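**Q** I'm passing along model_4.cif; it holds mmCIF, C-alpha atoms.
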data_query
loop_
_atom_site.label_atom_id
_atom_site.label_comp_id
_atom_site.auth_asym_id
_atom_site.auth_seq_id
_atom_site.Cartn_x
_atom_site.Cartn_y
_atom_site.Cartn_z
CA MET A 164 -9.68 -43.05 29.56
CA LEU A 165 -6.72 -41.28 31.10
CA THR A 166 -3.75 -43.30 32.33
CA LEU A 167 -1.43 -41.90 34.97
CA GLN A 168 1.91 -43.60 35.46
CA PHE A 169 3.86 -42.99 38.63
CA VAL A 170 7.64 -42.96 38.22
CA PRO A 171 9.35 -43.20 41.62
CA TYR A 172 12.71 -41.50 42.00
CA GLY A 173 14.34 -44.91 42.51
CA ASP A 174 13.46 -45.82 38.90
CA ILE A 175 15.51 -42.98 37.43
CA GLU A 176 18.11 -42.50 40.17
CA ASN A 177 20.87 -44.46 38.47
CA LEU A 178 20.08 -43.45 34.91
CA SER A 179 22.10 -40.94 32.91
CA SER A 180 20.38 -37.70 31.85
CA ALA A 181 19.80 -39.00 28.32
CA GLU A 182 18.34 -42.27 29.67
CA ARG A 183 16.02 -40.38 32.04
CA ILE A 184 14.73 -38.18 29.22
CA ASN A 185 14.23 -41.16 26.92
CA LYS A 186 12.39 -43.12 29.61
CA LEU A 187 10.00 -40.24 30.37
CA LEU A 188 9.35 -39.49 26.70
CA ARG A 189 8.72 -43.18 25.97
CA VAL A 190 5.95 -43.26 28.58
CA VAL A 191 4.44 -39.95 27.37
CA LYS A 192 4.41 -41.19 23.78
CA GLU A 193 2.34 -44.15 24.96
CA GLU A 194 -0.31 -41.47 25.72
CA LYS A 195 0.14 -41.71 29.47
CA ILE A 196 0.55 -38.89 31.95
CA VAL A 197 3.74 -39.23 33.98
CA LEU A 198 3.78 -38.38 37.67
CA MET A 199 7.44 -38.39 38.55
CA GLN A 200 8.78 -38.17 42.08
CA GLY A 201 11.30 -35.32 42.28
CA ARG A 202 12.36 -33.08 39.46
CA LEU A 203 14.79 -32.94 36.58
CA ARG A 204 17.84 -30.70 36.68
CA PRO A 205 17.55 -27.46 34.61
CA ASP A 206 19.82 -28.87 31.89
CA GLU A 207 17.73 -32.06 31.82
CA GLU A 208 14.57 -29.97 31.41
CA THR A 209 16.02 -28.24 28.35
CA GLY A 210 17.28 -31.64 27.17
CA LEU A 211 13.72 -32.94 27.43
CA ILE A 212 12.43 -29.98 25.39
CA GLU A 213 15.12 -30.51 22.72
CA LYS A 214 14.36 -34.23 22.46
CA THR A 215 10.64 -33.49 22.32
CA MET A 216 11.16 -31.02 19.46
CA GLN A 217 13.19 -33.62 17.54
CA GLN A 218 10.36 -36.14 17.85
CA ILE A 219 7.40 -33.92 16.94
CA GLY A 220 5.60 -35.28 13.94
CA ARG A 221 2.18 -36.21 12.57
CA LYS A 222 1.03 -38.01 15.74
CA PHE A 223 3.20 -36.57 18.48
CA LYS A 224 2.61 -32.83 19.01
CA GLY A 225 4.81 -32.33 22.06
CA ILE A 226 4.37 -32.31 25.82
CA GLU A 227 2.91 -30.34 28.67
CA ILE A 228 5.10 -30.25 31.76
CA CYS A 229 4.82 -28.82 35.24
CA THR A 230 6.93 -29.17 38.35
CA ILE A 231 5.55 -28.66 41.82
CA TYR A 232 8.35 -27.88 44.19
CA PRO A 233 8.40 -26.68 47.78
CA GLU A 234 9.45 -23.02 48.02
CA GLU A 235 12.84 -22.78 49.71
CA ASN A 236 13.59 -19.08 49.53
CA ASN A 237 12.08 -18.31 52.91
CA ALA A 238 13.63 -21.24 54.71
CA ALA A 239 16.32 -20.58 57.33
CA LEU A 240 19.92 -20.92 56.17
CA PHE A 241 20.57 -24.00 58.31
CA GLY A 242 17.44 -25.68 56.98
CA ARG A 243 18.49 -24.98 53.39
CA LEU A 244 22.00 -26.30 54.00
CA LYS A 245 20.55 -29.44 55.58
CA LYS A 246 18.32 -29.99 52.54
CA GLU A 247 21.24 -29.48 50.14
CA PHE A 248 23.27 -32.04 52.10
CA VAL A 249 20.45 -34.59 51.98
CA LYS A 250 20.08 -33.95 48.22
CA LEU A 251 23.77 -34.70 47.75
CA LEU A 252 23.40 -37.97 49.62
CA ILE A 253 20.15 -39.37 48.25
CA GLY A 254 19.30 -37.16 45.25
CA ASN A 255 16.60 -34.56 44.75
CA ARG A 256 13.41 -36.42 45.63
CA GLU A 257 11.43 -33.37 46.64
CA GLY A 258 8.50 -32.18 44.60
CA ILE A 259 6.68 -33.86 41.77
CA THR A 260 6.87 -33.49 38.00
CA ILE A 261 3.86 -33.94 35.76
CA ILE A 262 4.47 -34.61 32.06
CA GLY A 263 1.69 -35.35 29.62
CA PRO A 264 1.32 -35.66 25.86
CA ALA A 265 0.02 -32.42 24.30
CA SER A 266 -2.62 -34.46 22.44
CA ILE A 267 -4.22 -35.31 25.81
CA VAL A 268 -3.12 -32.55 28.19
CA LYS A 269 -4.22 -29.21 26.83
CA GLU A 270 -2.70 -27.15 29.61
CA ILE A 271 -1.30 -27.46 33.11
CA ARG A 272 -2.07 -24.21 34.84
CA ARG A 273 -0.07 -23.49 37.96
CA ASP A 274 -0.79 -20.72 40.35
CA PRO A 275 1.26 -20.49 43.50
CA ASP A 276 -1.09 -22.68 45.54
CA LYS A 277 -3.02 -24.80 43.06
CA ILE A 278 -2.60 -26.84 39.91
CA GLN A 279 -5.23 -27.28 37.22
CA LEU A 280 -4.88 -29.87 34.51
CA PHE A 281 -6.98 -29.29 31.42
CA THR A 282 -7.39 -32.24 29.10
CA ASN A 283 -8.52 -32.74 25.53
CA VAL A 284 -11.08 -35.50 25.94
CA PRO A 285 -12.86 -36.61 22.74
CA THR A 286 -16.66 -36.53 23.03
CA ARG A 287 -18.96 -39.11 21.46
CA ARG A 288 -19.36 -36.93 18.39
CA GLY A 289 -15.59 -36.99 17.89
CA SER A 290 -14.99 -33.34 18.74
CA ARG A 291 -12.72 -32.37 21.58
CA ARG A 292 -13.73 -30.50 24.67
CA LYS A 293 -11.93 -29.03 27.58
CA ARG A 294 -12.18 -30.73 30.95
CA LYS A 295 -10.86 -29.66 34.26
CA MET B 192 61.33 -9.44 15.96
CA ILE B 193 61.48 -8.17 19.56
CA ARG B 194 58.93 -5.44 18.69
CA VAL B 195 56.51 -8.02 17.25
CA LEU B 196 56.87 -10.15 20.36
CA THR B 197 56.38 -7.14 22.69
CA ASN B 198 53.23 -6.10 20.80
CA PHE B 199 51.90 -9.65 20.95
CA ILE B 200 52.41 -9.87 24.73
CA LYS B 201 50.91 -6.40 25.17
CA ARG B 202 47.83 -7.39 23.18
CA ILE B 203 47.31 -10.54 25.25
CA PHE B 204 47.65 -8.60 28.52
CA LEU B 205 45.23 -5.98 27.29
CA GLN B 206 42.71 -8.66 26.34
CA ILE B 207 42.96 -10.29 29.75
CA PHE B 208 42.75 -7.20 31.92
CA ARG B 209 40.59 -4.85 29.86
CA GLU B 210 36.97 -4.61 31.07
CA LYS B 211 34.81 -6.61 28.74
CA LYS B 212 32.80 -3.95 26.91
CA LYS B 213 31.04 -6.11 24.32
CA VAL B 214 27.97 -7.81 25.70
CA LYS B 215 26.11 -10.62 23.98
CA LEU B 216 22.53 -9.88 24.99
CA GLY B 217 19.99 -12.63 24.39
CA PHE B 218 16.22 -12.24 24.19
CA TYR B 219 14.50 -15.35 25.43
CA GLY B 220 10.98 -16.34 26.34
CA PRO B 221 7.88 -18.17 25.19
CA PRO B 222 6.43 -17.45 21.72
CA ASN B 223 4.52 -14.18 21.25
CA GLY B 224 6.00 -12.47 24.31
CA GLY B 225 7.46 -9.65 22.21
CA LYS B 226 11.15 -10.62 21.92
CA THR B 227 11.49 -9.42 18.32
CA THR B 228 9.44 -6.26 18.97
CA LEU B 229 11.75 -5.35 21.86
CA SER B 230 14.91 -6.25 19.91
CA ASN B 231 13.63 -4.12 17.03
CA LYS B 232 12.89 -1.21 19.36
CA ILE B 233 16.44 -1.29 20.78
CA CYS B 234 18.13 -1.69 17.40
CA LYS B 235 15.96 1.04 15.87
CA ASP B 236 16.82 3.40 18.78
CA TRP B 237 20.58 2.88 18.61
CA LEU B 238 21.36 1.53 15.15
CA GLY B 239 18.49 2.77 13.03
CA GLU B 240 17.59 -0.67 11.70
CA GLU B 241 15.48 -3.64 12.80
CA VAL B 242 16.47 -7.22 13.61
CA GLY B 243 13.50 -9.11 12.21
CA THR B 244 9.80 -9.25 11.56
CA ALA B 245 7.26 -9.46 14.36
CA SER B 246 3.84 -11.05 13.87
CA LYS B 247 0.72 -12.08 15.76
CA ILE B 248 1.18 -15.64 14.49
CA PRO B 249 3.29 -17.63 16.98
CA HIS B 250 6.80 -18.75 15.99
CA GLU B 251 7.38 -15.91 13.52
CA THR B 252 11.06 -16.00 14.53
CA ARG B 253 12.29 -19.49 13.67
CA GLU B 254 16.00 -18.79 13.46
CA VAL B 255 18.35 -16.94 15.79
CA GLN B 256 18.79 -13.37 14.50
CA LEU B 257 21.83 -11.26 15.31
CA LYS B 258 22.57 -7.59 15.20
CA GLU B 259 26.13 -6.66 16.03
CA SER B 260 27.73 -3.42 17.24
CA VAL B 261 24.65 -1.92 18.88
CA VAL B 262 26.11 0.81 21.10
CA ILE B 263 23.79 1.88 23.92
CA LYS B 264 24.57 4.98 25.94
CA HIS B 265 23.00 5.51 29.33
CA LYS B 266 23.85 8.12 31.96
CA GLY B 267 27.44 8.54 30.82
CA ARG B 268 28.05 4.82 30.38
CA GLU B 269 28.44 3.18 27.02
CA LEU B 270 28.26 -0.48 26.15
CA GLU B 271 28.50 -2.33 22.88
CA PHE B 272 25.98 -5.12 22.46
CA THR B 273 25.39 -7.98 20.11
CA ILE B 274 21.63 -8.37 20.12
CA VAL B 275 20.57 -12.01 19.86
CA ASP B 276 16.87 -12.44 19.13
CA THR B 277 15.91 -16.09 19.62
CA PRO B 278 12.89 -18.18 18.59
CA GLY B 279 10.25 -18.65 21.29
CA ILE B 280 10.76 -21.70 23.48
CA ALA B 281 7.81 -24.09 23.62
CA THR B 282 7.18 -27.68 24.68
CA LYS B 283 4.58 -28.37 21.97
CA ILE B 284 4.07 -27.31 18.37
CA ASP B 285 0.97 -28.30 16.41
CA TYR B 286 0.75 -27.28 12.75
CA GLU B 287 -3.06 -27.15 13.07
CA ASP B 288 -2.68 -24.13 15.38
CA PHE B 289 -1.11 -22.19 12.49
CA MET B 290 -4.02 -23.09 10.21
CA LYS B 291 -6.27 -21.02 12.50
CA TYR B 292 -4.44 -18.01 11.03
CA LYS B 293 -5.67 -18.93 7.52
CA MET B 294 -2.44 -20.67 6.62
CA THR B 295 -2.51 -23.59 4.13
CA GLU B 296 -1.76 -27.06 5.50
CA THR B 297 1.53 -27.23 3.61
CA ALA B 298 2.65 -23.82 4.87
CA ALA B 299 1.55 -24.67 8.42
CA LYS B 300 3.49 -27.96 8.41
CA LYS B 301 6.58 -26.21 7.08
CA ARG B 302 6.30 -23.52 9.75
CA ALA B 303 5.88 -26.18 12.49
CA LYS B 304 8.97 -28.05 11.28
CA GLU B 305 11.03 -24.86 11.22
CA ALA B 306 9.69 -23.86 14.64
CA THR B 307 10.86 -27.13 16.23
CA ARG B 308 14.35 -26.51 14.84
CA GLY B 309 14.20 -22.94 16.13
CA VAL B 310 13.47 -24.06 19.70
CA ILE B 311 16.48 -26.41 19.62
CA GLU B 312 18.69 -23.63 18.21
CA ALA B 313 17.54 -21.15 20.89
CA ILE B 314 18.43 -23.64 23.66
CA LYS B 315 21.87 -24.31 22.14
CA TRP B 316 22.64 -20.56 22.17
CA LEU B 317 22.02 -20.27 25.93
CA ASP B 318 25.66 -21.02 26.76
CA ASP B 319 26.92 -18.15 24.60
CA MET B 320 25.06 -15.34 26.36
CA ASP B 321 26.61 -12.72 28.65
CA CYS B 322 23.22 -11.43 29.78
CA VAL B 323 19.62 -12.38 28.98
CA VAL B 324 16.38 -10.44 28.85
CA VAL B 325 13.49 -12.83 29.43
CA VAL B 326 10.53 -11.26 27.64
CA LEU B 327 7.16 -12.26 29.07
CA ASP B 328 3.68 -11.21 28.06
CA SER B 329 2.38 -9.54 31.24
CA THR B 330 -1.22 -10.33 30.28
CA GLN B 331 -0.48 -14.08 30.52
CA ASN B 332 0.09 -16.39 33.49
CA PRO B 333 3.83 -16.23 34.31
CA TYR B 334 3.82 -19.52 36.28
CA THR B 335 4.60 -21.72 33.28
CA GLN B 336 7.22 -24.44 33.16
CA VAL B 337 8.84 -22.89 30.06
CA ASN B 338 9.51 -19.67 32.01
CA VAL B 339 10.76 -21.62 35.02
CA THR B 340 13.01 -23.78 32.81
CA ILE B 341 14.54 -20.81 30.95
CA ILE B 342 15.24 -18.87 34.14
CA GLY B 343 16.45 -22.00 35.98
CA ASN B 344 18.93 -22.70 33.19
CA LEU B 345 20.23 -19.13 33.20
CA ALA B 346 20.65 -19.27 36.98
CA ALA B 347 22.51 -22.59 36.70
CA ARG B 348 24.89 -20.95 34.18
CA SER B 349 25.23 -17.79 36.35
CA ILE B 350 24.03 -15.60 33.46
CA PRO B 351 22.51 -12.28 34.63
CA VAL B 352 18.78 -12.05 33.95
CA LEU B 353 16.42 -9.14 33.46
CA ILE B 354 12.73 -9.93 33.15
CA ALA B 355 10.82 -7.62 30.81
CA ALA B 356 7.09 -7.78 31.60
CA ASN B 357 5.93 -6.69 28.16
CA LYS B 358 2.59 -5.36 26.86
CA VAL B 359 1.89 -3.16 29.91
CA ASP B 360 -0.17 -0.93 27.62
CA LEU B 361 -2.86 -3.63 27.56
CA LYS B 362 -5.69 -3.61 30.09
CA LYS B 363 -5.09 -7.19 31.28
CA ALA B 364 -1.40 -6.57 32.06
CA ASN B 365 -0.36 -7.63 35.56
CA ILE B 366 3.25 -6.77 36.44
CA LYS B 367 2.71 -7.63 40.12
CA LYS B 368 2.00 -11.24 39.15
CA VAL B 369 5.24 -11.43 37.17
CA GLU B 370 7.14 -9.91 40.09
CA SER B 371 5.65 -12.36 42.57
CA ALA B 372 6.40 -15.31 40.27
CA PHE B 373 10.11 -14.39 40.13
CA PRO B 374 10.82 -12.41 43.30
CA GLN B 375 14.60 -12.85 43.15
CA TYR B 376 14.93 -11.16 39.72
CA ASP B 377 14.76 -7.60 38.39
CA VAL B 378 11.42 -7.10 36.65
CA VAL B 379 10.68 -4.07 34.49
CA GLY B 380 7.27 -3.39 32.96
CA ILE B 381 7.43 -2.13 29.36
CA SER B 382 5.52 -1.84 26.14
CA ALA B 383 8.03 -2.69 23.41
CA LEU B 384 5.47 -1.77 20.78
CA LYS B 385 4.71 1.70 22.12
CA GLY B 386 8.06 2.34 23.79
CA ASP B 387 6.50 2.83 27.23
CA ASN B 388 9.00 2.76 30.11
CA ILE B 389 11.94 2.06 27.80
CA GLU B 390 14.25 4.39 29.76
CA GLU B 391 13.61 2.36 32.91
CA PHE B 392 14.37 -0.76 30.85
CA TYR B 393 17.82 0.61 29.88
CA GLU B 394 18.43 1.64 33.50
CA SER B 395 17.62 -1.93 34.70
CA LEU B 396 19.69 -3.46 31.90
CA PHE B 397 22.83 -1.51 32.84
CA ARG B 398 22.23 -2.34 36.52
CA VAL B 399 21.94 -6.08 35.81
CA ILE B 400 25.04 -6.06 33.58
CA LYS B 401 27.02 -4.26 36.28
CA LYS B 402 26.30 -7.15 38.66
CA ARG B 403 27.99 -9.74 36.44
#
Would you mind writing the structure in this file as structure tokens?

**A**
Amino acid sequence: MLTLQFVPYGDIENLSSAERINKLLRVVKEEKIVLMQGRLRPDEETGLIEKTMQQIGRKFKGIEICTIYPEENNAALFGRLKKEFVKLLIGNREGITIIGPASIVKEIRRDPDKIQLFTNVPTRRGSRRKRK
Amino acid sequence: MIRVLTNFIKRIFLQIFREKKKVKLGFYGPPNGGKTTLSNKICKDWLGEEVGTASKIPHETREVQLKESVVIKHKGRELEFTIVDTPGIATKIDYEDFMKYKMTETAAKKRAKEATRGVIEAIKWLDDMDCVVVVLDSTQNPYTQVNVTIIGNLAARSIPVLIAANKVDLKKANIKKVESAFPQYDVVGISALKGDNIEEFYESLFRVIKKR
């Protein structure tokens, strides 16, 4: 059985970067797939990778992560400025971040317009197979 | 005494106003993209010696490797580089993956442990770079979070980036896909192994450095 846990932006809004990373990793290590509203900052993403590397061991093999974010490059300048202003006021709630344990999520494949999540689901015989 | 003081002030002024000629050039990317092969190619071309060993087994480079005083000349310009070859950045490392390459369990576990440390070390070095070449395997999907995270971090630090779409000699190579994944960056297709398009790589590198 796969468990997805939604983390609304409000849950991490007032946390420090270290607290955010710890919270997300705690959920992932419980073998749940996190669906987080918004995205981490670039330095928080590398922080998450560093923390993940420190915790890799016999049971925990790491994470799979993917961020879906609306493309802003083609937006008009005024629209982009407006978005930046809103982000300053209420934080970056746009997009969604998916983080799963590598033991369950084999791969998150992102093409520009679709996302495919491949999982390692044990079969009855105990072997693992790929599911889409 | 006055002469010593004058020389000291002169040296400080020179350091402040002289164009920075030494460039710390980092090679970043996911494992098996060809970072070490490209670093070796450059160092072999201009210094006559290699930086490290490349291998088909992922995470062959598990420590940051440096090669100093690599002087590259291109179209009348000359720059001195410190080449920084970094371990591949990954979000997961499973020792069992190394055992598929006929490695013993003990050796695979040791390699996995060292690889995790290597990823952390590579991230810590990001702040020290003057310019970064992100080396991607052009036969693979470029839309991965590791690629996005590396490039996002470089952009946040205002470090100039050149994307090397490596392995263009292979049939499955798709430079267009790399270009469309990162449209705001310079992308150059190369084969570090065979040296294909290496002149265009140097041209792009000097262009990117000029922008900084």

**Q** For this structure, which residues satisfy the selection - the PyMOL selection byres ((chain B and resi 221) around 6) - when it is evaluated on the file as given? I want them as a ChimeraX atom specification.

**A** /B:220,222,279-280

**Q** Residues of the last selection are to be written out with C-alpha atoms, as a PDB file, keeping the file's coordinate frame.

**A**
ATOM      1  CA  GLY B 220      10.980 -16.340  26.340  1.00  0.00           C
ATOM      2  CA  PRO B 222       6.430 -17.450  21.720  1.00  0.00           C
ATOM      3  CA  GLY B 279      10.250 -18.650  21.290  1.00  0.00           C
ATOM      4  CA  ILE B 280      10.760 -21.700  23.480  1.00  0.00           C
TER       5      ILE B 280
END

**Q** For chain B, list the residues within 6 Å of chain A, counting all atoms listed in the file, and write the list as a list in words.

**A**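 Here they are: Thr282, Lys283, Ile284, Asp285, Thr307, Ile311, Tyr334, Gln336, Gly343 and Asn344 of chain B.
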
**Q** What is the CA of Leu198 (chain A)-CA of Ser179 (chain A) distance in Å, reported with one decimal?

**A**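 Calculated distance between CA of Leu198 (chain A) and CA of Ser179 (chain A) is 19.1 Å.
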
**Q** Please provide as an NGL selection string all residues within 10 Å of Gln168 (chain A), with the sequence filter that same-chain residues fewer than 4 positions apart are discarded (counting all atoms listed in the file).

**A** :A and (190-191 or 195-199 or 261-262)

**Q** Between CA of Phe373 (chain B) and CA of Thr277 (chain B), what is the distance in Å, rounded to a tenth?

**A**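 Separation between CA of Phe373 (chain B) and CA of Thr277 (chain B): 21.4 Å.
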
**Q** My list of candidates is B:Glu370, B:Glu305, B:Asp377, B:Glu296. Which is closest to Val352 (chain B) when distances are computed with only C-alpha atoms?

**A**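 Smallest separation from Val352 (chain B) among the options: B:Asp377.
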
**Q** Pick out the closest residue to Lys358 (chain B) from this set: B:Pro374, B:Gly267, B:Pro278, B:Gly386. Count only C-alpha atoms.

**A**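 Distance minimum relative to Lys358 (chain B) lands on B:Gly386.
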
**Q** Which residues come within 12 Å of region 227-241 of chain B, counting only C-alpha atoms, excluding same-chain residues fewer than 6 positions away, as a PyMOL selection string?

**A** chain B and resi 216-221+247+249-265+269-279+323-328+355-358+381-390+392-393+396

**Q** Find the distance between CA of Ala372 (chain B) and CA of Lys315 (chain B) and write it in Å to one decimal.

**A** 25.5 Å

**Q** For Leu203 (chain A), which residue out of A:Asn185, A:Asn283, A:Val268, A:Thr260 is the nearest one, using all atoms listed in the file?

**A**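 For Leu203 (chain A), the nearest of the candidates is A:Thr260.
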
**Q** Could you check the closest approach to Ile267 (chain A) for each of A:Tyr232, A:Leu187, A:Leu165, A:Gly173 and tell me which residue wins, using only C-alpha atoms?

**A** A:Leu165
